[in-house]
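> So that we are looking at the same thing, I have put the structure below in structure tokens.
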Amino acid sequence: MKTEYKREMSKTYLIIQQRKNDYQTEMICQNTIEGFAHVKKVKWDNEDYLYYDVTSKQPLDTAFAKRRIGMAEIKTILYAIDNLTQTVNRYLLDVDKVLLNPEYVFWDYNDNSINWIYYPSNSTNGYLELAEFILEKIDNENTEVVKVAYEFYKRVKESNYSMENLYELIKNPEGSELYKEDYEESRVETIPETVYKESKTEGIKNKLIKGLKYKKNKKENDWFKKEIESANDIKELSPMIEEEIGTMLLNREVSEIRRLVSKNGTMKDVMLTDFPYLIGSRADSVDICIKDKMVSKIHAQIAIFDNRIIIEDLNSLNGTYKNGEKIDKQTELNTGDEITFGSSKFTFF
């Protein structure tokens with residue numbers, strides 16, 4: 001499925017080509033459906049495209065690139081999934097046509113809600129990918145969040161799972177109390193030349209083990225021990241991947257240090273040494289925080305692509321400008337370029 005983003009005036013759209021026209025397409029285009037991105041159909045070059053309004057919204061994989069999913073966020077996600085089936089049934093739609101991949105599930109910072117993308121031609125089920133993403137991004141030190149995320153993962157792994165009543169997973173067990181104890185992390189011998197990425201199953205087990213370390217209550221300890229044992233029986237999802245450090249750093253570092261210099265004099269120079277960089281006004285979600293009311297919470301990204309340094313607007317409300325021109329796609333940066341985020345101007349060196 002090929003997608004692209006496009007800015008029109010003050011709107012940002014996710015664009016997907018529509019392969020067929022049926023009542024589902026008309027239903028989503030003619031109705032404002034709660035919890036779903038507004039969509040319109042556009043004909044271009046004798047082809048039909050669906051334009052989803054994602055202005056000021058961020059895909060989950062971007063929204064949580066720098067911060068962790070806590071209880072408030074997992075409640076929002078599970079509550080949205082819980083309502084999903086009821087909503088699509090009300091409009092005679094098919095829940096399997098909802099895109100559940102983290103790159104197409106949008107977080108709305110205006111009201112901290114989830115916006116779904118309904119794509120009538122979708123043929124993939126993304127529940128497992130979404131569950132694995134949540135497990136990867138949760139706050140490991142919050143044992144209640146670990147438990148809820150793992151229960152969701154287990155439900156998705158069942159052959160005849162149901163996504164209804166998911167919100168019940170969030171209800172605290174009666175009489176359950178959380179205790180946090182200080183502990184010393186075990187020292188792990190590392191091999192400098194190589195980095196080993198844990199398999200997804202190992203990652204799940206490690207989160208459970210870490211959750212166990214934070215428990216003193218016997219009932220809670222017994223739950224974690226039981227789940228760790230059952231995790232041993234989960235079929236391996238992916239083999240252990242071995243990557244050379246040099247290969248990993250190739251896409252993250254450049255030979256010479258670049259920097260952003262504020263033209264307003266409101267910020268210190270920002271040294272660009274370890275790409276990519278998220279830019280925005282929400283400090284816990286970005287690498288470069290700009291205190292500017294015109295800057296979105298997650299506004300833009302500077303990264304390396306094909307050995308070039310590029311800048312990309314991330315569905316910001318007021319746009320990103322290079323040398324006075326609004327950018328609507330990945331754009332290469334060169335020494336001396338002026339970059340504008342909201343009312344804040346920088347020079348790229």
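How things are named: the first chain in the structure tokens is A, the next is B, and so on; residues count from 1 in each chain; ligands count from 1 in the order shown.
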Quick one: everything within 12 Å of stretch 72-75 of chain A, counting only C-alpha atoms, minus sequence neighbours fewer than 3 positions away in the same chain. Send it as a PyMOL selection string.
chain A and resi 60+63-64+67-69+78-82+107-109+111-114+130-131+133-135+137-139+142+144-150+152+166-171
> Write down as a list in words the residues belonging to stretch 18-57 of chain A that are assigned strand (DSSP E) by DSSP computed on the backbone.
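Matching residues for strand (DSSP E) in stretch 18-57 of chain A are Val39, Lys40, Lys41, Val42, Lys43, Trp44, Glu47, Asp48, Tyr49, Leu50, Tyr51, Tyr52, Asp53 and Lys57 of chain A.
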> Any chance you could tabulate, as a tab-separated table, the residues of stretch 106-150 of chain A at most 7 Å from stretch 35-45 of chain A with each one's nearest atom pair and distance in Å to one decimal, using only C-alpha atoms, in chain and rising number order?

```
residue	atom	partner	partner_atom	distance
A:Ile114	CA	A:Gly35	CA	6.4
A:Asn115	CA	A:Phe36	CA	4.8
A:Trp116	CA	A:Phe36	CA	4.5
A:Ile117	CA	A:Ala37	CA	5.9
```
> Give the answer as one residue: which of A:Asn318, A:Gln24, A:Thr331, A:Asn89 has the shortest atom-to-atom distance to A:Ser121, using only C-alpha atoms?
A:Gln24
> When you count only C-alpha atoms, which of these residues is closest to A:Thr12: A:Asn315, A:Asn122, A:Thr273, A:Ser162?
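The answer is A:Asn315, which sits nearest to A:Thr12.
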> Show me, as a PyMOL selection string, the residues that have an atom within 10 Å of A:Val295 when counting only C-alpha atoms, minus same-chain residues fewer than 5 positions from it.
chain A and resi 279-282+289-290+300+316-320+340-344
> From a DSSP calculation on the backbone, collect every residue of stretch 5-135 of chain A in helix (DSSP H, G or I) and output the set as an MDAnalysis selection string.
chainID A and resid 23:30 60:63 71:90 95:97 127:135
> Expressed in Å to a single decimal, how great is the separation between atom CA of A:Tyr13 and atom CA of A:Lys97?
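Atom-to-atom, atom CA of A:Tyr13 and atom CA of A:Lys97 are spaced 18.9 Å apart.
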> Quick check, in Å to one decimal: how far apart do atom CA of A:Tyr23 and atom CA of A:Asp94 lie?
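Computing the Euclidean distance for atom CA of A:Tyr23 and atom CA of A:Asp94 yields 11.5 Å.
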> Quick one: pull the distance between atom CA of A:Thr55 and atom CA of A:His299, Å, one decimal.
10.9 Å
> Might you pull out every residue within 12 Å of A:Asn110, with only C-alpha atoms counted and same-chain residues fewer than 5 positions away left off, and present them as an NGL selection string?
:A and (54-58 or 115 or 296-298 or 317)
> Env of A:Lys329: 10 Å cut, atoms = only C-alpha atoms, seq-sep filter 6 positions within chain, self excluded. Answer as a count of residues only.
9
